[in-house]
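Asks: Below you'll find start-v8.cif; it's mmCIF, C-alpha atoms and all ligand atoms.
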```
data_start
loop_
_atom_site.label_atom_id
_atom_site.label_comp_id
_atom_site.auth_asym_id
_atom_site.auth_seq_id
_atom_site.Cartn_x
_atom_site.Cartn_y
_atom_site.Cartn_z
CA MET W 160 188.75 14.90 103.88
CA ARG W 161 192.30 14.11 104.96
CA ALA W 162 193.64 10.59 104.57
CA ILE W 163 196.74 8.43 104.23
CA GLN W 164 196.46 7.38 100.62
CA VAL W 165 198.75 4.72 99.20
CA THR W 166 199.66 5.22 95.53
CA GLU W 167 202.58 2.76 95.54
CA TYR W 168 203.93 0.25 98.04
CA VAL W 169 206.28 1.68 100.65
CA LYS W 170 209.24 0.25 102.56
CA GLY W 171 207.82 1.31 105.90
CA PRO W 172 205.33 3.60 107.67
CA GLU W 173 207.80 6.53 107.69
CA GLU W 174 207.11 6.93 103.94
CA LEU W 175 203.34 7.36 104.38
CA LYS W 176 201.95 10.76 103.36
CA ILE W 177 198.76 12.61 104.22
CA SER W 178 196.63 13.95 101.36
CA THR W 179 193.53 16.05 101.01
CA LEU W 180 191.00 14.02 99.05
CA PRO W 181 187.31 14.20 98.10
CA ASP W 182 185.00 12.89 100.84
CA PRO W 183 184.10 9.21 100.40
CA VAL W 184 180.81 8.57 98.62
CA PRO W 185 179.04 5.72 100.45
CA LYS W 186 177.19 3.10 98.39
CA SER W 187 173.40 2.99 98.87
CA ASP W 188 173.75 0.36 101.64
CA GLU W 189 176.67 2.06 103.41
CA TYR W 190 177.05 4.61 106.19
CA LEU W 191 179.41 7.58 106.21
CA ILE W 192 181.31 7.98 109.47
CA ALA W 193 183.36 10.90 110.80
CA ILE W 194 186.39 9.21 112.39
CA HIS W 195 187.39 10.28 115.91
CA ALA W 196 189.99 7.57 116.60
CA THR W 197 191.76 4.96 114.48
CA ALA W 198 193.54 1.82 115.68
CA THR W 199 196.67 0.24 114.24
CA ASN W 200 196.98 -3.41 113.29
CA PHE W 201 199.94 -5.50 112.19
CA PHE W 202 198.14 -6.22 108.90
CA ASP W 203 198.20 -2.47 108.11
CA LEU W 204 202.00 -2.73 108.09
CA LEU W 205 201.83 -5.70 105.73
CA GLN W 206 199.30 -4.01 103.46
CA ILE W 207 201.28 -0.78 102.92
CA ARG W 208 204.24 -2.97 101.87
CA GLY W 209 202.08 -5.05 99.49
CA LYS W 210 202.44 -8.18 101.62
CA TYR W 211 198.90 -8.73 102.89
CA GLN W 212 196.31 -11.23 101.59
CA SER W 213 193.99 -8.34 100.66
CA GLN W 214 195.56 -5.59 98.48
CA PRO W 215 193.12 -3.07 96.97
CA PRO W 216 193.91 -1.63 93.53
CA PHE W 217 195.87 1.69 93.67
CA PRO W 218 195.20 4.26 94.93
CA TRP W 219 193.71 3.15 98.27
CA ILE W 220 193.47 4.47 101.80
CA SER W 221 195.28 2.55 104.48
CA GLY W 222 194.02 1.65 107.95
CA SER W 223 190.99 -0.27 109.05
CA GLU W 224 189.73 -0.06 112.66
CA PHE W 225 188.08 3.16 113.81
CA SER W 226 185.47 4.77 116.02
CA GLY W 227 183.39 7.81 115.17
CA VAL W 228 179.99 9.34 114.52
CA ILE W 229 177.50 8.50 111.75
CA THR W 230 177.10 11.46 109.41
CA LYS W 231 175.01 9.76 106.73
CA ALA W 232 172.75 6.67 106.91
CA PRO W 233 172.19 4.24 103.98
CA SER W 234 169.59 5.30 101.45
CA SER W 235 168.39 1.72 100.90
CA LEU W 236 169.09 -1.62 102.57
CA PRO W 237 168.30 -5.11 101.21
CA GLY W 238 164.64 -6.03 101.64
CA GLY W 239 163.73 -2.46 102.53
CA ARG W 240 165.15 -2.99 106.07
CA ALA W 241 165.46 0.15 108.24
CA PRO W 242 169.02 1.19 109.07
CA LYS W 243 170.15 0.19 112.58
CA PHE W 244 172.02 3.47 113.16
CA LYS W 245 170.98 7.08 112.60
CA VAL W 246 172.96 10.26 111.99
CA GLY W 247 174.72 11.27 115.22
CA ASP W 248 175.07 7.71 116.61
CA LYS W 249 178.50 6.79 118.00
CA VAL W 250 179.92 3.60 116.52
CA PHE W 251 183.13 1.63 116.14
CA GLY W 252 184.10 -0.80 113.44
CA ALA W 253 186.47 -1.71 110.65
CA SER W 254 186.52 -0.95 106.93
CA GLN W 255 189.32 -0.32 104.45
CA GLY W 256 190.41 3.31 104.86
CA GLY W 257 190.58 3.86 108.62
CA TYR W 258 193.54 6.28 108.42
CA ALA W 259 191.31 9.16 107.37
CA THR W 260 188.93 11.71 108.80
CA GLN W 261 185.97 9.96 107.14
CA VAL W 262 185.15 6.43 106.03
CA ALA W 263 182.26 4.55 104.41
CA ALA W 264 181.21 1.20 105.87
CA PRO W 265 178.34 -1.32 105.62
CA GLU W 266 176.23 -2.08 108.69
CA ASP W 267 177.84 -5.45 109.48
CA ARG W 268 181.20 -3.67 109.95
CA LEU W 269 179.81 -1.35 112.64
CA ARG W 270 178.84 -1.78 116.27
CA PRO W 271 177.27 0.67 118.73
CA MET W 272 179.70 2.30 121.13
CA PRO W 273 179.54 0.61 124.55
CA ARG W 274 177.87 2.87 127.13
CA GLY W 275 180.32 5.21 128.85
CA TRP W 276 183.22 4.36 126.53
CA SER W 277 185.45 6.93 124.82
CA PHE W 278 186.17 6.99 121.07
CA PHE W 279 189.78 6.23 122.01
CA ASP W 280 188.95 2.96 123.81
CA ALA W 281 186.25 1.84 121.37
CA ALA W 282 188.51 2.15 118.31
CA GLY W 283 190.53 -0.91 119.35
CA VAL W 284 187.79 -3.43 120.16
CA PHE W 285 186.35 -4.55 116.82
CA VAL W 286 189.01 -7.22 116.13
CA THR W 287 190.51 -8.17 119.48
CA GLY W 288 187.38 -8.40 121.68
CA PRO W 289 185.35 -10.87 119.60
CA THR W 290 188.44 -12.87 118.59
CA SER W 291 189.32 -13.61 122.19
CA TYR W 292 185.69 -14.12 123.25
CA ALA W 293 184.94 -16.54 120.40
CA ALA W 294 188.17 -18.43 121.06
CA LEU W 295 187.79 -18.86 124.80
CA VAL W 296 184.01 -19.17 125.05
CA THR W 297 182.76 -20.60 121.74
CA ARG W 298 185.74 -22.75 120.79
CA ALA W 299 187.37 -23.73 124.11
CA GLY W 300 184.24 -23.79 126.32
CA ILE W 301 185.91 -21.90 129.18
CA LYS W 302 184.30 -22.39 132.61
CA LYS W 303 184.75 -21.22 136.19
CA GLY W 304 187.76 -22.80 137.85
CA ASP W 305 189.73 -23.37 134.61
CA TRP W 306 193.42 -22.50 134.50
CA VAL W 307 194.16 -20.49 131.36
CA LEU W 308 197.60 -19.69 129.94
CA VAL W 309 197.53 -16.53 127.78
CA HIS W 310 200.64 -16.02 125.65
CA ALA W 311 201.71 -12.47 124.65
CA ALA W 312 199.19 -11.42 127.26
CA ALA W 313 200.00 -7.71 126.93
CA GLY W 314 199.31 -7.70 123.17
CA GLY W 315 196.02 -6.65 121.56
CA VAL W 316 194.24 -10.00 121.58
CA GLY W 317 196.18 -11.03 124.71
CA LEU W 318 194.76 -8.30 126.99
CA ALA W 319 191.28 -9.08 125.66
CA ALA W 320 191.80 -12.78 126.48
CA VAL W 321 193.07 -12.04 130.01
CA GLN W 322 189.95 -10.01 130.83
CA ILE W 323 187.49 -12.49 129.28
CA ALA W 324 189.10 -15.48 131.02
CA LYS W 325 188.94 -13.65 134.38
CA ALA W 326 185.31 -12.67 133.76
CA PHE W 327 184.47 -16.38 133.34
CA GLY W 328 186.08 -17.24 136.67
CA ALA W 329 189.35 -18.69 135.40
CA THR W 330 192.79 -18.36 136.95
CA VAL W 331 195.03 -16.68 134.38
CA ILE W 332 198.74 -17.21 133.84
CA ALA W 333 200.09 -14.52 131.51
CA THR W 334 203.31 -14.64 129.51
CA ALA W 335 205.12 -11.69 127.91
CA GLY W 336 208.59 -10.62 126.88
CA THR W 337 209.36 -7.68 129.20
CA GLN W 338 208.76 -6.85 132.86
CA HIS W 339 206.67 -3.84 131.84
CA LYS W 340 204.38 -5.99 129.68
CA LEU W 341 204.07 -8.54 132.52
CA ASP W 342 203.00 -5.69 134.84
CA VAL W 343 200.46 -4.52 132.24
CA ALA W 344 198.99 -8.05 131.99
CA ARG W 345 198.63 -8.15 135.79
CA SER W 346 196.96 -4.74 135.79
CA PHE W 347 194.28 -6.21 133.48
CA GLY W 348 193.65 -9.08 135.90
CA ALA W 349 196.24 -11.82 135.24
CA ASP W 350 196.87 -13.80 138.46
CA HIS W 351 200.40 -14.87 137.55
CA ALA W 352 202.90 -13.49 135.03
CA ILE W 353 205.87 -15.33 133.55
CA ASP W 354 208.63 -14.06 131.26
CA TYR W 355 208.62 -16.43 128.28
CA ARG W 356 212.08 -15.31 127.18
CA GLN W 357 213.34 -17.75 129.86
CA SER W 358 213.31 -21.21 128.34
CA ASP W 359 211.99 -22.92 131.50
CA TRP W 360 208.60 -21.13 131.30
CA PRO W 361 206.60 -24.36 130.68
CA GLU W 362 207.89 -25.88 133.95
CA LYS W 363 207.08 -22.64 135.79
CA VAL W 364 203.55 -22.68 134.39
CA LYS W 365 203.04 -26.30 135.42
CA LYS W 366 204.29 -25.67 138.95
CA LEU W 367 201.71 -22.93 139.47
CA THR W 368 198.75 -25.21 138.68
CA PRO W 369 197.08 -27.46 141.32
CA LYS W 370 199.26 -30.58 141.87
CA GLY W 371 201.27 -29.52 138.82
CA ARG W 372 198.51 -30.85 136.52
CA GLY W 373 198.97 -28.12 133.91
CA VAL W 374 196.56 -25.58 132.38
CA ASP W 375 193.15 -26.38 130.91
CA ILE W 376 193.35 -23.84 128.08
CA VAL W 377 196.28 -22.32 126.19
CA TYR W 378 195.54 -19.13 124.23
CA ASP W 379 198.34 -18.77 121.67
CA PRO W 380 198.68 -15.77 119.31
CA VAL W 381 202.47 -16.29 119.04
CA GLY W 382 203.25 -19.80 117.75
CA LEU W 383 203.99 -21.64 120.99
CA ILE W 384 201.68 -24.65 120.71
CA GLY W 385 204.53 -27.19 120.65
CA GLN W 386 206.15 -25.86 123.82
CA SER W 387 202.81 -25.37 125.53
CA MET W 388 202.21 -29.14 125.19
CA LYS W 389 204.64 -29.46 128.11
CA CYS W 390 202.27 -27.67 130.49
CA ILE W 391 198.77 -28.64 129.30
CA ALA W 392 196.40 -30.67 131.47
CA TRP W 393 194.59 -33.90 130.48
CA ASN W 394 191.56 -32.91 128.32
CA GLY W 395 193.17 -29.49 127.71
CA ARG W 396 192.47 -27.23 124.72
CA LEU W 397 195.21 -25.38 122.84
CA LEU W 398 193.85 -22.41 120.88
CA VAL W 399 195.73 -21.51 117.70
CA ILE W 400 195.14 -17.76 117.34
CA GLY W 401 198.13 -16.43 115.43
CA PHE W 402 201.82 -16.54 114.60
CA ALA W 403 203.20 -13.25 115.92
CA ALA W 404 206.68 -14.78 116.19
CA GLY W 405 206.63 -15.35 112.42
CA ASP W 406 206.96 -19.12 112.09
CA ILE W 407 204.12 -21.53 111.52
CA GLU W 408 204.70 -24.52 113.76
CA LYS W 409 204.68 -28.12 112.68
CA MET W 410 204.06 -30.72 115.33
CA ALA W 411 203.99 -34.45 115.88
CA THR W 412 200.33 -35.43 116.24
CA ASN W 413 201.18 -38.31 118.61
CA ARG W 414 201.62 -35.66 121.33
CA ILE W 415 197.97 -34.64 120.90
CA LEU W 416 196.96 -38.28 121.40
CA LEU W 417 199.30 -38.97 124.33
CA LYS W 418 198.21 -35.87 126.24
CA ASN W 419 194.51 -36.41 125.39
CA VAL W 420 194.17 -32.78 124.30
CA SER W 421 192.53 -30.78 121.50
CA VAL W 422 194.28 -28.28 119.24
CA VAL W 423 191.58 -25.80 118.25
CA GLY W 424 191.75 -23.11 115.59
CA LEU W 425 189.83 -19.83 115.48
CA HIS W 426 189.44 -17.63 112.41
CA TRP W 427 187.20 -14.80 113.56
CA GLY W 428 187.22 -12.93 110.26
CA ALA W 429 185.78 -15.97 108.43
CA TYR W 430 182.72 -16.28 110.69
CA SER W 431 180.94 -13.72 108.50
CA ILE W 432 181.22 -16.16 105.57
CA ASN W 433 180.86 -19.52 107.32
CA GLU W 434 178.79 -18.97 110.45
CA PRO W 435 177.29 -15.46 110.49
CA GLU W 436 174.61 -16.55 112.97
CA ALA W 437 177.32 -17.06 115.64
CA ILE W 438 178.59 -13.47 115.43
CA GLU W 439 175.72 -11.76 117.26
CA LYS W 440 176.00 -14.16 120.22
CA VAL W 441 179.69 -13.35 120.59
CA TRP W 442 179.03 -9.61 120.55
CA GLU W 443 176.14 -9.98 123.02
CA GLY W 444 178.48 -11.77 125.41
CA LEU W 445 181.15 -9.12 125.00
CA TYR W 446 178.68 -6.25 125.56
CA GLU W 447 177.51 -8.00 128.76
CA LEU W 448 181.08 -7.92 130.00
CA THR W 449 181.52 -4.23 129.08
CA GLU W 450 178.21 -3.33 130.79
CA SER W 451 179.21 -5.16 133.98
CA GLY W 452 182.62 -3.48 134.00
CA LYS W 453 184.46 -6.77 133.44
CA TYR W 454 185.91 -5.67 130.11
CA ARG W 455 187.60 -2.33 129.52
CA GLY W 456 189.51 -0.74 126.67
CA THR W 457 193.07 -1.89 126.18
CA CYS W 458 194.67 1.17 124.58
CA PHE W 459 198.40 1.77 124.86
CA THR W 460 198.81 4.87 127.04
CA ASP W 461 202.59 5.14 127.50
CA LYS W 462 202.61 7.63 124.61
CA GLU W 463 199.84 9.69 123.04
CA TYR W 464 199.27 9.75 119.27
CA VAL W 465 197.11 12.58 117.93
CA GLY W 466 196.29 13.36 114.30
CA LEU W 467 196.91 11.41 111.08
CA GLU W 468 200.49 12.78 111.17
CA SER W 469 201.22 10.46 114.11
CA VAL W 470 199.95 7.27 112.39
CA PRO W 471 203.49 6.40 111.10
CA ALA W 472 204.94 6.69 114.63
CA ALA W 473 202.07 4.61 116.03
CA LEU W 474 202.69 1.91 113.38
CA GLN W 475 206.41 1.98 114.15
CA ALA W 476 205.73 1.45 117.87
CA LEU W 477 203.47 -1.50 117.01
CA GLY W 478 205.92 -3.04 114.53
CA GLY W 479 208.89 -2.50 116.87
CA ARG W 480 207.19 -4.52 119.62
CA GLU W 481 207.48 -1.48 121.91
CA SER W 482 203.78 -1.13 122.58
CA TRP W 483 201.19 -3.07 124.54
CA GLY W 484 197.44 -3.41 124.01
CA LYS W 485 196.04 -1.46 121.07
CA VAL W 486 197.96 1.50 119.67
CA VAL W 487 195.20 4.01 118.91
CA VAL W 488 195.51 7.43 117.28
CA LYS W 489 193.06 10.18 118.19
CA ILE W 490 191.76 11.97 115.08
CA PRO W 491 190.66 15.57 115.70
CA GLN W 492 187.76 16.47 113.44
CA GLU W 493 188.41 18.80 110.52
CA GLY W 494 188.62 22.39 111.67
CA GLN W 495 189.29 21.24 115.26
CA SER W 496 192.58 21.92 117.07
CA LYS W 497 194.78 18.88 117.78
CA ILE W 498 194.83 19.69 121.48
N1 LIG J 501 192.71 -15.97 114.63
C1 LIG J 501 192.12 -14.80 114.48
O1 LIG J 501 190.95 -14.69 114.11
C2 LIG J 501 192.92 -13.57 114.81
C3 LIG J 501 192.29 -12.34 115.04
C4 LIG J 501 193.09 -11.25 115.41
C5 LIG J 501 194.47 -11.38 115.48
N2 LIG J 501 195.03 -12.59 115.19
C6 LIG J 501 196.49 -12.79 115.24
O2 LIG J 501 196.93 -12.75 116.58
C7 LIG J 501 198.29 -12.30 116.61
C8 LIG J 501 198.42 -11.20 117.64
O3 LIG J 501 197.62 -10.10 117.26
P1 LIG J 501 197.60 -8.78 118.15
O4 LIG J 501 196.65 -7.85 117.52
O5 LIG J 501 197.43 -9.14 119.57
O6 LIG J 501 199.09 -8.26 117.92
P2 LIG J 501 200.00 -7.38 118.85
O7 LIG J 501 199.18 -6.44 119.66
O8 LIG J 501 201.06 -6.84 117.98
O9 LIG J 501 200.63 -8.41 119.87
C9 LIG J 501 201.47 -9.43 119.46
C10 LIG J 501 202.34 -9.85 120.64
O10 LIG J 501 203.12 -10.95 120.22
C11 LIG J 501 204.30 -10.97 120.96
N3 LIG J 501 205.40 -11.42 120.10
C12 LIG J 501 206.09 -12.55 120.27
N4 LIG J 501 207.02 -12.68 119.33
C13 LIG J 501 206.94 -11.59 118.54
C14 LIG J 501 207.66 -11.15 117.41
N5 LIG J 501 208.67 -11.86 116.87
N6 LIG J 501 207.32 -9.96 116.84
C15 LIG J 501 206.29 -9.24 117.34
N7 LIG J 501 205.57 -9.61 118.43
C16 LIG J 501 205.90 -10.79 119.02
C17 LIG J 501 204.54 -9.55 121.50
O11 LIG J 501 204.56 -9.64 122.93
P3 LIG J 501 205.94 -9.73 123.74
O12 LIG J 501 206.78 -8.56 123.31
O13 LIG J 501 205.49 -9.68 125.14
O14 LIG J 501 206.55 -11.03 123.36
C18 LIG J 501 203.31 -8.77 121.08
O15 LIG J 501 202.75 -8.05 122.17
C19 LIG J 501 198.65 -11.87 115.20
O16 LIG J 501 199.38 -12.90 114.59
C20 LIG J 501 197.29 -11.70 114.52
O17 LIG J 501 197.36 -11.92 113.14
C21 LIG J 501 194.29 -13.67 114.86
#
```
As structure tokens, please, write out the structure in this file.

Replies:
Amino acid sequence: MRAIQVTEYVKGPEELKISTLPDPVPKSDEYLIAIHATATNFFDLLQIRGKYQSQPPFPWISGSEFSGVITKAPSSLPGGRAPKFKVGDKVFGASQGGYATQVAAPEDRLRPMPRGWSFFDAAGVFVTGPTSYAALVTRAGIKKGDWVLVHAAAGGVGLAAVQIAKAFGATVIATAGTQHKLDVARSFGADHAIDYRQSDWPEKVKKLTPKGRGVDIVYDPVGLIGQSMKCIAWNGRLLVIGFAAGDIEKMATNRILLKNVSVVGLHWGAYSINEPEAIEKVWEGLYELTESGKYRGTCFTDKEYVGLESVPAALQALGGRESWGKVVVKIPQEGQSKI
């Protein structure tokens, strides 16, 4: 197979190289998947530089999220269970080694492709979709009529959150850092869009809400909890999703008391360790939204990335904050033309 193998840490994605390697040999409980599309994540950029929490021993294949077709099913599963997928099934998922033409993955890292979806769109759902669903639905208890503020609304988790909040009957205020990204957030259903580079954004948010009461839920992947306190309603929930701006905020807890609000964390990746029984419910909810057309793929389409050769450029677009949604690279199958 072909893959982006890392033999030493690099300064940036431009140093990544494509190699021809032996096909992966799946363990007895793993599937082998032919990759048709691979999605970029900020943690891929950290990992190739040796700055991520999980660093495999050298040499390792970079990338994680993918979509593709099962080419080999597990030979044995715990308890003699029958495999959920068979050869030829279309799936998406995440496993170390997504920047390749083939990958091995266990069943809990795979999901069936939503009906009518392309490989391109499905490659970018495994992380963002359930993160935003679990945050808004499981953790913040979103309901019809809520006002929801989604920060970095044109980002990967942001566009997922906009769609899920709308599907639950909320009014969505989106923030982003460029006019183009604000337009993208609107095109995915946001009712209002505010440029958060202007320092008066909290007042603008408040003014939009009924009687200026503020928003019921703040979805924050950036690190804007402190400032969002200025525009949260009584009984509001502030979801701590991430720190895309780089700094981890510290805040005075008296503000939580005075505003009568909850600051709620969400660590989707850790559900598999701490609350695996909650995972299926989240996916069921998300599939319902895809089936009813309320949730669609969020792939960046301003530029097209085709072939492993374009992974560095895709990672550069992601890291340079030029992209929106999920930056996904189409992977032509071996022996297939790139066009
Ligand atoms: N809690 C969880 O379980 C969980 C799961 C998945 C992801 N996350 C976290 O959520 C965050 C967002 O993930 P994502 O996949 O949506 O990322 P993404 O697609 O790269 O989007 C991040 C957005 O953050 C905004 N941003 C603000 N300041 C930034 C800065 N200094 N540098 C770069 N971007 C900046 C950008 O929008 P503008 O240009 O419009 O400002 C960008 O669109 C990350 O921190 C990630 O680790 C958490």

Asks: For His426 of chain W, please output as a ChimeraX atom specification all residues within 8 Å (counting all atoms listed in the file; exclusion window: fewer than 2 positions along the same chain).

Replies: /W:290,400,424,428-430

Asks: Which of these residues is nearest to Leu474 of chain W, using only C-alpha atoms: W:Tyr378, W:Tyr258, W:Trp306, W:Tyr211?

Replies: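 Going through W:Tyr378, W:Tyr258, W:Trp306, W:Tyr211 one by one, the smallest distance to Leu474 of chain W is for W:Tyr258.
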
Asks: Return the single residue from W:Ile323, W:Leu383, W:Leu180, W:Ile432 that is closest to ligand LIG 501 (chain J), with distances computed using all atoms listed in the file.

Replies: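 When distances to ligand LIG 501 (chain J) are compared using all atoms listed in the file, the smallest one comes from W:Leu383.
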
Asks: With distances taken over all atoms listed in the file, which of W:Glu173, W:Glu167, W:Glu447, W:Asp342 is nearest to Gln206 of chain W?

Replies: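 Residue with the minimum atom-to-atom distance to Gln206 of chain W: W:Glu167.
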
Asks: Would you compute the box with edges along x, y and z of the file around ligand LIG 501 (chain J), including every atom the file lists for it and 3 Å extra on each side, and give its centre and edge lengths in Å to one decimal, as AutoDock Vina command-line options?

Replies:
```
--center_x 199.8 --center_y -11.2 --center_z 119.1 --size_x 23.7 --size_y 15.5 --size_z 18.0
```

Asks: Which one is closest to ligand LIG 501 (chain J): W:Thr337, W:Ser226, W:Gln357, W:Gln255? Count only C-alpha atoms and all ligand atoms.

Replies: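 Smallest distance to ligand LIG 501 (chain J) is found for W:Thr337.
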
Asks: Could you give me, as a ChimeraX atom specification, the residues within 10 Å of Gly395 of chain W, counting all atoms listed in the file and dropping anything in the same chain fewer than 2 positions from it?

Replies: /W:299,305-307,373-377,388,390-393,397-398,415,418-422

Asks: Given the choices W:Thr330, W:Gln164, W:Ser221, W:Thr230, which gets closest to Val184 of chain W if the distance is worked out from only C-alpha atoms?

Replies: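 Smallest distance to Val184 of chain W is found for W:Thr230.
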
Asks: Need the neighbours of (165.8, 3.2, 105.6): which residues are at most 12 Å away, counting only C-alpha atoms, as an mmCIF file with C-alpha atoms, keeping the file's coordinate frame?

Replies:
```cif
data_model
loop_
_atom_site.group_PDB
_atom_site.id
_atom_site.type_symbol
_atom_site.label_atom_id
_atom_site.label_comp_id
_atom_site.auth_asym_id
_atom_site.auth_seq_id
_atom_site.Cartn_x
_atom_site.Cartn_y
_atom_site.Cartn_z
ATOM 1 C CA SER W 187 173.400 2.990 98.870
ATOM 2 C CA ASP W 188 173.750 0.360 101.640
ATOM 3 C CA GLU W 189 176.670 2.060 103.410
ATOM 4 C CA TYR W 190 177.050 4.610 106.190
ATOM 5 C CA LYS W 231 175.010 9.760 106.730
ATOM 6 C CA ALA W 232 172.750 6.670 106.910
ATOM 7 C CA PRO W 233 172.190 4.240 103.980
ATOM 8 C CA SER W 234 169.590 5.300 101.450
ATOM 9 C CA SER W 235 168.390 1.720 100.900
ATOM 10 C CA LEU W 236 169.090 -1.620 102.570
ATOM 11 C CA PRO W 237 168.300 -5.110 101.210
ATOM 12 C CA GLY W 238 164.640 -6.030 101.640
ATOM 13 C CA GLY W 239 163.730 -2.460 102.530
ATOM 14 C CA ARG W 240 165.150 -2.990 106.070
ATOM 15 C CA ALA W 241 165.460 0.150 108.240
ATOM 16 C CA PRO W 242 169.020 1.190 109.070
ATOM 17 C CA LYS W 243 170.150 0.190 112.580
ATOM 18 C CA PHE W 244 172.020 3.470 113.160
ATOM 19 C CA LYS W 245 170.980 7.080 112.600
ATOM 20 C CA VAL W 246 172.960 10.260 111.990
#
```

Asks: So which one's closest to Leu467 of chain W, W:Val169, W:Ile490, W:Leu269, W:Ala352? Using only C-alpha atoms, please.

Replies: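 Residue with the minimum atom-to-atom distance to Leu467 of chain W: W:Ile490.
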
Asks: What gap, in Å, lies between atom CA of Ile192 of chain W and atom C21 of ligand LIG 501 (chain J)?

Replies: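 It comes out at 25.8 Å.
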